[in-house]
Amino acid sequence: MSVHIAFSGGLEDLFNKQRNLTVPLESQLTLKQLVFHLKDRYLQTRPELFMSGDSLRPGIIVLVNDMDWELCGKDDYVVQDRDAISFISTLHGG
Amino acid sequence: MSVHIAFSGGLEDLFNKQRNLTVPLESQLTLKQLVFHLKDRYLQTRPELFMSGDSLRPGIIVLVNDMDWELCGKDDYVVQDRDAISFISTLHGG
Amino acid sequence: MVEAELSPAEIERYHRQILLREFGLEGQKKLKSAKVLVIGAGGLGSPLLLYLAGAGIGTIGIVDGDVVETINLHRQIIHSSNNLKINKAESARRLLQELNPEIKLEIYTQWLTGESSASIVPGYDIIVIATDNVESRYLISDLGVYYKKPVISGSALRWEGQLTVFSPSPCIRCLFPQPTPRHAWSKASDIGVLGPIPGVIGTLQAIETIKLILGLPVLSRKLLMYDGLSCQFKLFQLRDTSPTCPACSGQINPHTFNYAEFLGQIPAIPSI
Amino acid sequence: MVEAELSPAEIERYHRQILLREFGLEGQKKLKSAKVLVIGAGGLGSPLLLYLAGAGIGTIGIVDGDVVETINLHRQIIHSSNNLKINKAESARRLLQELNPEIKLEIYTQWLTGESSASIVPGYDIIVIATDNVESRYLISDLGVYYKKPVISGSALRWEGQLTVFSPSPCIRCLFPQPTPRHAWSKASDIGVLGPIPGVIGTLQAIETIKLILGLPVLSRKLLMYDGLSCQFKLFQLRDTSPTCPACSGQINPHTFNYAEFLGQIPAIPSI
Ligand SMILES: [Zn+2]
Ligand SMILES: [Zn+2]
């Protein structure tokens with residue numbers, strides 16, 4: 001299976017400036033596990049701008065197929081084949 | 001089967017102000033036939049603002065699942081179950 | 001609310017929007033009776049204020065403690081090279097009053113703080129976040145919850161923008177109970193912003209404000225993400241009010257809350 | 001093209017966009033060297049011109065034969081009650097020059113016609129459609145094809161907007177070989193428009209113009225549809241150049257083509 005990952009709000013800078021990634025997965029992962037997977041295998045730089053302890057750092061929202069992950073079980077949501085998962089860093093500028 | 005029809009650019013006014021319609025179809029239709037079907041069964045007023053002879057009047061573009069119908073065979077495209085067909089009247093204001 | 005009457009001059013001025021089915025004279029009267037507080041007369045505030053004034057919002061409050069500088073003018077289109085060193089709320093007021101002499105503009109040439117907001121916020125119906133820093137966003141969202149006023153939140157940086165409406169709940173703390181850590185803060189002065197990007201978001205904020213006043217559906221519990229490089233817009237469904245949100249459960253008084261401590265810093269001088 | 005140099009004052013003014021990876025000093029120089037012709041200083045033109053001027057487009061041409069009236073001001077935010085009865089290109093020039101004294105503004109206080117365009121269009125690199133009528137759209141698209149210049153086409157009415165880039169091919173005739181019949185024409189003066197709706201589209205047109213100058217991908221062969229009521233944006237893939245398009249196959253000379261006949265009418269007075 002594979003999932004479509006999108007980064008925005010500046011997070012793409014941590015992943016080799018890629019706003020979109022197709023990530024193959026050999027087994028089903030929860031979102032929590034997916035975050036670690038991305039950090040371990042795809043993150044290029046400055047992990048502290050992505051994670052804080054064993055979670056995403058504050059200020060990042062995750063959206064699963066156009067929905068807030070809070071509405072899908074958050075960390076425990078089991079990622080499905082061809083899911084679109086967006087990691088968005090909230091912007092404060094204006 | 002059914003298709004999702006979207007109207008914009010003012011065309012919705014001809015269809016009881018509905019911007020979105022789910023249209024059930026008993027058999028497969030071409031886009032050409034679908035246009036007549038909409039005119040016969042759903043159009044409420046002023047057919048000359050929708051059709052001209054046996055085609056859509058000039059200034060209307062049709063999009064099938066995010067693509068110009070010109071790229072899908074235009075009139076001859078056979079509508080599939082759950083297709084999203086948008087009828088858009090081009091705007092000239094500014 | 002006593003509904004305002006429209007003069008013949010106003011009916012002429014607003015004719016093109018009064019024609020809209022969703023508007024009419026009744027809609028225009030609602031706009032005239034409305035009081036909208038805009039915090040920030042910068043990148044987001046420039047188009048936002050111009051379109052709110054153009055549309056005939058009866059009373060617009062503008063809060064900004066900054067002054068106009070040349071480095072603003074690539075995006076802060078409400079100001080000009082003739083207004084350098086003038087307070088931004090005052091500079092905005094000048095152009096807005098020329099665009100629309102019919103409306104009332106109330107300016108506050110200061111930074112919004114927990115203390116100063118007590119005498120400002122209650123007089124308005126809707127609050128719009130048009131600032132460029134994280135501290136103000138939590139303060140304004142908390143004020144919205146505290147005073148039960150909807151908050152129209154926009155932001156922009158580099159080529160991207162974001163927009164949502166706190167009605168006022170769910171609020172910013174429902175989404176982000178902990179603020180972005182200081183080491184992850186990004187500012188236009190560091191990483192840049194293209195001028196028309198806050199232009200798009202500020203203009204969309206004006207539209208949401210108008211729809212809210214007219215009683216039309218707005219982006220409540222929805223997040224709009226905009227990427228100017230690809231010209232892509234995405235709408236996401238957001239969570240409902242968090243049962244553990246300290247603001248929405250009434251535990252936060254924005255006039256006394258220690259935002260500096262919450263954000264882990266002494267108060268920063270807001271950037272340009 | 002001889003690349004312009006940037007003064008220290010310009011580097012300061014444009015600093016926040018020069019910081020962008022896709023921009024830099026080289027990008028700013030490209031903007032300074034660019035010449036953009038904007039036809040229409042009204043609803044679309046107001047934000048478009050302000051953001052192009054703010055960004056430092058070196059030469060901006062503005063064509064408009066209309067004068068400022070109160071009924072414009074709900075959306076034509078570049079004008080004001082102080083400029084009533086002034087030609088719109090001139091009125092726009094005044095505010096733009098104050099926003100950015102560094103750029104060159106060339107104004108044409110006239111309606112664009114097949115005849116008048118011959119001495120205007122060739123001097124520019126990019127043409128932007130910011131008009132409010134169908135006749136000008138075919139004329140300007142044909143001029144783009146004829147002079148091999150990209151055309152950034154925007155439109156807005158009621159709560160909706162549309163945007164595409166003719167590079168110049170495919171052109172408007174590739175999409176709409178026959179124009180909308182006269183009985184189906186809709187104008188803001190008849191059915192209305194919300195002010196910030198052309199605000200969104202005009203601002204997006206400014207962004208597409210800037211991206212084009214920088215050599216970044218734009219909305220060529222793509223149509224952006226915007227609905228302000230639902231805050232929905234959709235992108236559609238459009239056809240390629242039509243093999244039967246009379247303009248793209250070189251058969252149309254916009255300076256001599258009979259647009260009145262093509263549109264089935266004697267030339268209409270453009271609406272406000
Ligand atoms: Zn809350
Ligand atoms: Zn063509």
# chains A, B, ... in the order shown; residues from 1 in each chain; ligands from 1
$ residues_around --residues "Gln44 (chain A)" --least-positions-apart "3" --cutoff "12 Å" --atoms "only C-alpha atoms" --output "PyMOL selection string"
chain A and resi 11-18+38-41+47-50
$ write_last_selection --atoms "C-alpha atoms" --output "short mmCIF file (atom, residue, chain, number, x, y, z; two decimals), in the first residue's frame"
data_model
loop_
_atom_site.label_atom_id
_atom_site.label_comp_id
_atom_site.auth_asym_id
_atom_site.auth_seq_id
_atom_site.Cartn_x
_atom_site.Cartn_y
_atom_site.Cartn_z
CA LEU A 11 7.26 21.73 6.91
CA GLU A 12 8.26 20.83 3.38
CA ASP A 13 11.63 22.43 4.11
CA LEU A 14 12.38 19.59 6.49
CA PHE A 15 11.66 16.99 3.81
CA ASN A 16 13.97 18.11 1.05
CA LYS A 17 11.52 20.84 0.02
CA GLN A 18 9.01 18.25 -1.15
CA LEU A 38 8.45 9.89 8.24
CA LYS A 39 10.94 11.18 10.78
CA ASP A 40 13.15 8.15 10.50
CA ARG A 41 13.09 7.64 6.74
CA PRO A 47 13.79 17.04 13.72
CA GLU A 48 12.86 19.43 16.54
CA LEU A 49 10.80 21.39 14.00
CA PHE A 50 8.74 18.25 13.32
#
$ residues_near_ligand --ligand "ligand 1" --cutoff "8 Å" --atoms "only C-alpha atoms and all ligand atoms" --output "list of chain:residue names"
C:Val145, C:Pro168, C:Ser169, C:Pro170, C:Cys171, C:Ile172, C:Arg173, C:Cys174, C:Leu175, C:Thr241, C:Ser242, C:Cys245, C:Pro246, C:Ala247, C:Cys248, C:Ser249
$ select_by_dssp --residues "region 12-249 of chain C" --states "helix (DSSP H, G or I)" --output "PyMOL selection string"
chain C and resi 12-13+15-18+24-33+45-55+70-72+81-83+88-99+116-119+121-123+134-147+172-175+182-184+188-191+196-214
$ interface_residues --of "chain D" --to "chain B" --cutoff "9 Å" --atoms "only C-alpha atoms" --output "short mmCIF file (atom, residue, chain, number, x, y, z; two decimals) with all heavy atoms, in the first residue's frame"
data_model
loop_
_atom_site.label_atom_id
_atom_site.label_comp_id
_atom_site.auth_asym_id
_atom_site.auth_seq_id
_atom_site.Cartn_x
_atom_site.Cartn_y
_atom_site.Cartn_z
N GLY D 40 -8.15 47.84 -17.96
CA GLY D 40 -9.24 47.92 -16.99
C GLY D 40 -8.73 48.29 -15.61
O GLY D 40 -7.92 47.57 -15.02
N GLY D 42 -10.77 48.81 -12.88
CA GLY D 42 -12.03 48.76 -12.16
C GLY D 42 -11.99 47.75 -11.04
O GLY D 42 -11.07 47.76 -10.22
N GLY D 43 -12.94 46.84 -11.04
CA GLY D 43 -13.04 45.87 -9.96
C GLY D 43 -11.88 44.90 -9.89
O GLY D 43 -11.30 44.66 -8.83
N LEU D 44 -11.52 44.34 -11.04
CA LEU D 44 -10.36 43.44 -11.09
C LEU D 44 -9.08 44.25 -11.04
O LEU D 44 -8.11 43.88 -10.37
CB LEU D 44 -10.38 42.62 -12.39
CG LEU D 44 -11.52 41.62 -12.54
CD1 LEU D 44 -11.64 41.17 -14.00
CD2 LEU D 44 -11.31 40.42 -11.64
N GLY D 45 -9.07 45.35 -11.76
CA GLY D 45 -7.85 46.14 -11.88
C GLY D 45 -7.38 46.76 -10.59
O GLY D 45 -6.17 46.92 -10.37
N ALA D 130 -8.59 42.90 -17.37
CA ALA D 130 -9.29 43.30 -16.13
C ALA D 130 -10.53 44.12 -16.51
O ALA D 130 -10.86 45.10 -15.85
CB ALA D 130 -8.36 44.11 -15.23
N THR D 131 -11.17 43.68 -17.60
CA THR D 131 -12.32 44.41 -18.10
C THR D 131 -13.62 43.77 -17.63
O THR D 131 -13.60 42.76 -16.94
CB THR D 131 -12.32 44.41 -19.64
OG1 THR D 131 -12.41 43.04 -20.08
CG2 THR D 131 -11.05 45.03 -20.20
N ASP D 132 -14.72 44.36 -18.04
CA ASP D 132 -16.02 43.85 -17.57
C ASP D 132 -16.97 43.55 -18.72
O ASP D 132 -18.18 43.58 -18.54
CB ASP D 132 -16.66 44.85 -16.61
CG ASP D 132 -17.02 46.15 -17.31
OD1 ASP D 132 -16.71 46.28 -18.52
OD2 ASP D 132 -17.60 47.03 -16.66
N ASN D 133 -16.43 43.29 -19.90
CA ASN D 133 -17.33 43.03 -21.03
C ASN D 133 -16.72 42.02 -21.99
O ASN D 133 -15.51 41.82 -22.04
CB ASN D 133 -17.63 44.34 -21.76
CG ASN D 133 -16.37 44.94 -22.32
OD1 ASN D 133 -15.92 44.59 -23.40
ND2 ASN D 133 -15.76 45.84 -21.58
N VAL D 134 -17.59 41.39 -22.78
CA VAL D 134 -17.15 40.29 -23.63
C VAL D 134 -16.35 40.78 -24.85
O VAL D 134 -15.40 40.12 -25.28
CB VAL D 134 -18.36 39.41 -24.05
CG1 VAL D 134 -19.39 40.21 -24.82
CG2 VAL D 134 -17.93 38.21 -24.85
N ARG D 137 -12.67 41.09 -24.27
CA ARG D 137 -11.97 39.83 -23.98
C ARG D 137 -11.51 39.14 -25.25
O ARG D 137 -10.41 38.58 -25.30
CB ARG D 137 -12.88 38.93 -23.12
CG ARG D 137 -13.07 39.52 -21.72
CD ARG D 137 -14.13 38.83 -20.89
NE ARG D 137 -14.23 39.49 -19.60
CZ ARG D 137 -13.41 39.28 -18.57
NH1 ARG D 137 -12.44 38.39 -18.69
NH2 ARG D 137 -13.56 39.94 -17.44
N GLY D 154 -9.04 37.27 -16.17
CA GLY D 154 -9.86 37.08 -14.98
C GLY D 154 -11.24 37.66 -15.20
O GLY D 154 -11.43 38.54 -16.03
N SER D 155 -12.21 37.14 -14.46
CA SER D 155 -13.56 37.69 -14.54
C SER D 155 -14.28 37.41 -13.23
O SER D 155 -13.89 36.52 -12.46
CB SER D 155 -14.34 37.08 -15.71
OG SER D 155 -14.40 35.67 -15.60
N ALA D 156 -15.33 38.19 -12.98
CA ALA D 156 -16.07 38.04 -11.72
C ALA D 156 -17.48 38.59 -11.89
O ALA D 156 -17.69 39.55 -12.63
CB ALA D 156 -15.36 38.81 -10.60
N LEU D 157 -18.42 37.95 -11.20
CA LEU D 157 -19.81 38.42 -11.22
C LEU D 157 -20.51 37.80 -10.04
O LEU D 157 -20.17 36.68 -9.63
CB LEU D 157 -20.49 38.00 -12.53
CG LEU D 157 -21.75 38.77 -12.94
CD1 LEU D 157 -21.46 40.27 -13.08
CD2 LEU D 157 -22.30 38.23 -14.24
N ARG D 158 -21.43 38.50 -9.46
CA ARG D 158 -22.16 38.05 -8.25
C ARG D 158 -21.17 37.56 -7.19
O ARG D 158 -20.39 38.36 -6.68
CB ARG D 158 -23.18 36.95 -8.62
CG ARG D 158 -24.27 37.47 -9.55
CD ARG D 158 -25.56 36.72 -9.47
NE ARG D 158 -25.49 35.37 -9.99
CZ ARG D 158 -26.56 34.66 -10.37
NH1 ARG D 158 -27.77 35.18 -10.29
NH2 ARG D 158 -26.44 33.44 -10.81
N GLU D 160 -19.04 34.93 -7.81
CA GLU D 160 -18.13 34.00 -8.46
C GLU D 160 -17.01 34.67 -9.24
O GLU D 160 -17.14 35.80 -9.70
CB GLU D 160 -18.90 33.14 -9.47
CG GLU D 160 -19.85 32.15 -8.86
CD GLU D 160 -20.44 31.29 -9.95
OE1 GLU D 160 -19.67 30.65 -10.69
OE2 GLU D 160 -21.68 31.29 -10.06
N GLY D 161 -15.94 33.90 -9.42
CA GLY D 161 -14.84 34.39 -10.24
C GLY D 161 -14.22 33.27 -11.05
O GLY D 161 -14.38 32.09 -10.70
N GLN D 162 -13.56 33.66 -12.13
CA GLN D 162 -12.88 32.68 -12.99
C GLN D 162 -11.53 33.25 -13.38
O GLN D 162 -11.34 34.46 -13.48
CB GLN D 162 -13.73 32.39 -14.24
CG GLN D 162 -15.08 31.74 -13.91
CD GLN D 162 -16.02 31.65 -15.10
OE1 GLN D 162 -15.69 32.05 -16.21
NE2 GLN D 162 -17.20 31.11 -14.87
N LEU D 175 -11.28 28.02 -26.61
CA LEU D 175 -12.26 27.58 -25.62
C LEU D 175 -13.69 27.90 -26.07
O LEU D 175 -14.60 27.08 -25.92
CB LEU D 175 -12.04 28.30 -24.28
CG LEU D 175 -10.80 27.95 -23.47
CD1 LEU D 175 -10.78 28.77 -22.19
CD2 LEU D 175 -10.76 26.48 -23.14
N PHE D 176 -13.86 29.12 -26.58
CA PHE D 176 -15.20 29.59 -26.95
C PHE D 176 -15.16 30.18 -28.36
O PHE D 176 -15.11 31.40 -28.52
CB PHE D 176 -15.68 30.64 -25.93
CG PHE D 176 -15.71 30.14 -24.51
CD1 PHE D 176 -14.78 30.60 -23.59
CD2 PHE D 176 -16.64 29.20 -24.10
CE1 PHE D 176 -14.77 30.13 -22.28
CE2 PHE D 176 -16.66 28.73 -22.80
CZ PHE D 176 -15.71 29.20 -21.89
N PRO D 177 -15.19 29.30 -29.38
CA PRO D 177 -15.10 29.79 -30.76
C PRO D 177 -16.24 30.74 -31.10
O PRO D 177 -16.05 31.69 -31.86
CB PRO D 177 -15.19 28.52 -31.61
CG PRO D 177 -15.31 27.37 -30.69
CD PRO D 177 -15.24 27.84 -29.29
N GLN D 178 -17.41 30.49 -30.51
CA GLN D 178 -18.53 31.42 -30.66
C GLN D 178 -18.71 32.13 -29.33
O GLN D 178 -18.67 31.49 -28.28
CB GLN D 178 -19.81 30.66 -31.04
CG GLN D 178 -19.78 30.09 -32.44
CD GLN D 178 -19.47 31.18 -33.47
OE1 GLN D 178 -20.04 32.28 -33.41
NE2 GLN D 178 -18.59 30.87 -34.40
N PRO D 179 -18.95 33.44 -29.38
CA PRO D 179 -19.11 34.15 -28.11
C PRO D 179 -20.48 33.86 -27.48
O PRO D 179 -21.40 33.42 -28.19
CB PRO D 179 -19.02 35.63 -28.53
CG PRO D 179 -19.50 35.65 -29.94
CD PRO D 179 -19.09 34.34 -30.55
N THR D 180 -20.60 34.11 -26.21
CA THR D 180 -21.89 34.02 -25.54
C THR D 180 -22.90 34.88 -26.32
O THR D 180 -22.61 36.03 -26.64
CB THR D 180 -21.77 34.57 -24.10
OG1 THR D 180 -20.77 33.84 -23.42
CG2 THR D 180 -23.08 34.49 -23.36
N PRO D 181 -24.06 34.32 -26.64
CA PRO D 181 -25.05 35.13 -27.39
C PRO D 181 -25.51 36.32 -26.55
O PRO D 181 -25.56 36.27 -25.33
CB PRO D 181 -26.22 34.16 -27.62
CG PRO D 181 -25.86 32.88 -27.01
CD PRO D 181 -24.53 32.97 -26.36
N HIS D 183 -28.26 37.63 -25.84
CA HIS D 183 -29.38 37.50 -24.90
C HIS D 183 -28.96 36.81 -23.60
O HIS D 183 -29.69 36.82 -22.63
CB HIS D 183 -30.56 36.74 -25.55
CG HIS D 183 -30.24 35.31 -25.89
ND1 HIS D 183 -29.83 34.92 -27.14
CD2 HIS D 183 -30.28 34.20 -25.13
CE1 HIS D 183 -29.62 33.61 -27.14
NE2 HIS D 183 -29.88 33.15 -25.94
N ALA D 184 -27.76 36.24 -23.60
CA ALA D 184 -27.28 35.56 -22.38
C ALA D 184 -26.24 36.38 -21.63
O ALA D 184 -25.68 35.92 -20.64
CB ALA D 184 -26.71 34.19 -22.74
N TRP D 185 -25.96 37.59 -22.10
CA TRP D 185 -24.98 38.40 -21.41
C TRP D 185 -25.48 38.82 -20.04
O TRP D 185 -26.65 39.21 -19.88
CB TRP D 185 -24.66 39.67 -22.21
CG TRP D 185 -23.90 39.43 -23.47
CD1 TRP D 185 -23.53 38.23 -24.01
CD2 TRP D 185 -23.43 40.42 -24.37
NE1 TRP D 185 -22.86 38.42 -25.18
CE2 TRP D 185 -22.78 39.75 -25.44
CE3 TRP D 185 -23.50 41.82 -24.40
CZ2 TRP D 185 -22.19 40.43 -26.51
CZ3 TRP D 185 -22.92 42.49 -25.46
CH2 TRP D 185 -22.28 41.80 -26.49
N SER D 186 -24.58 38.78 -19.05
CA SER D 186 -24.91 39.27 -17.71
C SER D 186 -23.90 40.33 -17.30
O SER D 186 -22.70 40.13 -17.48
CB SER D 186 -24.82 38.14 -16.68
OG SER D 186 -25.76 37.15 -16.95
N LYS D 187 -24.39 41.41 -16.74
CA LYS D 187 -23.48 42.47 -16.30
C LYS D 187 -23.74 42.80 -14.84
O LYS D 187 -24.85 42.66 -14.34
CB LYS D 187 -23.69 43.72 -17.16
CG LYS D 187 -23.10 43.59 -18.55
CD LYS D 187 -23.29 44.87 -19.34
CE LYS D 187 -22.72 44.79 -20.75
NZ LYS D 187 -21.24 44.85 -20.79
N ALA D 188 -22.70 43.29 -14.20
CA ALA D 188 -22.82 43.68 -12.78
C ALA D 188 -23.93 44.68 -12.57
O ALA D 188 -24.61 44.68 -11.55
CB ALA D 188 -21.50 44.25 -12.29
N VAL D 193 -22.63 42.33 -8.14
CA VAL D 193 -21.35 41.70 -7.81
C VAL D 193 -20.95 42.15 -6.41
O VAL D 193 -21.17 43.32 -6.03
CB VAL D 193 -20.25 42.09 -8.84
CG1 VAL D 193 -19.95 43.59 -8.82
CG2 VAL D 193 -18.96 41.31 -8.58
N PRO D 198 -14.25 40.31 -7.24
CA PRO D 198 -13.14 40.67 -8.15
C PRO D 198 -11.86 40.99 -7.39
O PRO D 198 -10.77 40.93 -7.96
CB PRO D 198 -13.68 41.91 -8.89
CG PRO D 198 -14.91 42.35 -8.16
CD PRO D 198 -15.44 41.16 -7.43
N ILE D 201 -10.02 37.67 -7.37
CA ILE D 201 -9.54 37.32 -8.71
C ILE D 201 -8.44 38.26 -9.17
O ILE D 201 -7.40 37.82 -9.69
CB ILE D 201 -10.70 37.30 -9.73
CG1 ILE D 201 -11.77 36.27 -9.32
CG2 ILE D 201 -10.18 37.01 -11.13
CD1 ILE D 201 -11.28 34.82 -9.28
N GLY D 202 -8.63 39.55 -8.97
CA GLY D 202 -7.60 40.51 -9.37
C GLY D 202 -6.29 40.27 -8.64
O GLY D 202 -5.20 40.38 -9.21
N MET D 225 -11.99 28.10 -10.91
CA MET D 225 -13.35 28.56 -10.65
C MET D 225 -13.45 28.87 -9.17
O MET D 225 -13.02 28.04 -8.35
CB MET D 225 -14.33 27.43 -10.91
CG MET D 225 -14.42 27.01 -12.32
SD MET D 225 -15.65 28.02 -13.10
CE MET D 225 -16.85 28.09 -11.78
N ASP D 227 -16.06 30.19 -6.04
CA ASP D 227 -17.38 30.54 -5.55
C ASP D 227 -17.26 31.12 -4.16
O ASP D 227 -16.94 30.41 -3.21
CB ASP D 227 -18.29 29.31 -5.53
CG ASP D 227 -19.62 29.61 -4.84
OD1 ASP D 227 -20.15 30.73 -5.04
OD2 ASP D 227 -20.13 28.75 -4.10
N LYS D 234 -12.00 25.52 -7.49
CA LYS D 234 -11.75 24.28 -8.23
C LYS D 234 -10.82 24.58 -9.40
O LYS D 234 -10.94 25.61 -10.06
CB LYS D 234 -13.07 23.72 -8.78
CG LYS D 234 -13.99 23.18 -7.70
CD LYS D 234 -15.23 22.56 -8.30
CE LYS D 234 -16.27 22.27 -7.22
NZ LYS D 234 -17.57 21.90 -7.79
N LEU D 235 -9.92 23.64 -9.66
CA LEU D 235 -9.00 23.76 -10.79
C LEU D 235 -9.36 22.70 -11.81
O LEU D 235 -9.51 21.53 -11.46
CB LEU D 235 -7.56 23.52 -10.32
CG LEU D 235 -6.72 24.72 -9.90
CD1 LEU D 235 -5.35 24.26 -9.47
CD2 LEU D 235 -6.61 25.74 -11.02
N PHE D 236 -9.49 23.12 -13.04
CA PHE D 236 -9.82 22.19 -14.11
C PHE D 236 -8.73 22.22 -15.18
O PHE D 236 -8.16 23.27 -15.48
CB PHE D 236 -11.14 22.58 -14.77
CG PHE D 236 -12.32 22.52 -13.85
CD1 PHE D 236 -12.83 23.67 -13.28
CD2 PHE D 236 -12.93 21.30 -13.55
CE1 PHE D 236 -13.94 23.61 -12.43
CE2 PHE D 236 -14.03 21.24 -12.70
CZ PHE D 236 -14.53 22.39 -12.14
N GLN D 237 -8.47 21.06 -15.77
CA GLN D 237 -7.52 20.97 -16.87
C GLN D 237 -8.24 21.33 -18.16
O GLN D 237 -9.31 20.80 -18.44
CB GLN D 237 -6.98 19.52 -16.94
CG GLN D 237 -5.95 19.31 -18.02
CD GLN D 237 -4.68 20.11 -17.77
OE1 GLN D 237 -4.23 20.24 -16.63
NE2 GLN D 237 -4.12 20.68 -18.83
N LEU D 238 -7.66 22.24 -18.93
CA LEU D 238 -8.29 22.65 -20.19
C LEU D 238 -7.61 22.03 -21.41
O LEU D 238 -6.47 21.56 -21.34
CB LEU D 238 -8.24 24.18 -20.32
CG LEU D 238 -9.08 24.98 -19.31
CD1 LEU D 238 -8.85 26.47 -19.53
CD2 LEU D 238 -10.56 24.64 -19.43
N ARG D 239 -8.33 22.12 -22.50
CA ARG D 239 -7.83 21.60 -23.79
C ARG D 239 -6.58 22.33 -24.25
O ARG D 239 -6.27 23.41 -23.79
CB ARG D 239 -8.94 21.77 -24.83
CG ARG D 239 -9.23 23.23 -25.17
CD ARG D 239 -10.53 23.43 -25.90
NE ARG D 239 -11.67 23.15 -25.03
CZ ARG D 239 -12.93 23.43 -25.32
NH1 ARG D 239 -13.21 23.98 -26.51
NH2 ARG D 239 -13.90 23.16 -24.49
N ASP D 240 -5.92 21.74 -25.22
CA ASP D 240 -4.78 22.37 -25.88
C ASP D 240 -5.30 23.27 -27.00
O ASP D 240 -6.51 23.38 -27.22
CB ASP D 240 -3.85 21.28 -26.44
CG ASP D 240 -2.42 21.72 -26.50
OD1 ASP D 240 -2.16 22.96 -26.49
OD2 ASP D 240 -1.52 20.86 -26.56
#
$ select_by_dssp --residues "region 50-213 of chain C" --states "strand (DSSP E)" --output "JSON, numbers by chain"
{"C": [59, 60, 61, 62, 63, 104, 105, 106, 107, 108, 126, 127, 128, 129, 151, 152, 153, 154, 155, 156, 157, 160, 161, 162, 163, 164, 165, 166]}
$ closest_residue --among "C:Ser141, C:Ser136, C:Asn100, C:Thr113" --to "chain D" --atoms "only C-alpha atoms"
C:Asn100
$ atom_distance --atom1 "CA of Ala41 (chain D)" --atom2 "CA of Leu25 (chain C)"
27.4 Å
$ residues_around --residues "Val165 (chain C)" --least-positions-apart "6" --cutoff "10 Å" --atoms "only C-alpha atoms" --output "PyMOL selection string"
chain C and resi 128-129+150-154+171-172+205+208-209+212+218-224
$ closest_residue --among "D:Gln28, D:Thr244, D:Gln110, D:Gln17" --to "ligand 2" --atoms "only C-alpha atoms and all ligand atoms"
D:Thr244
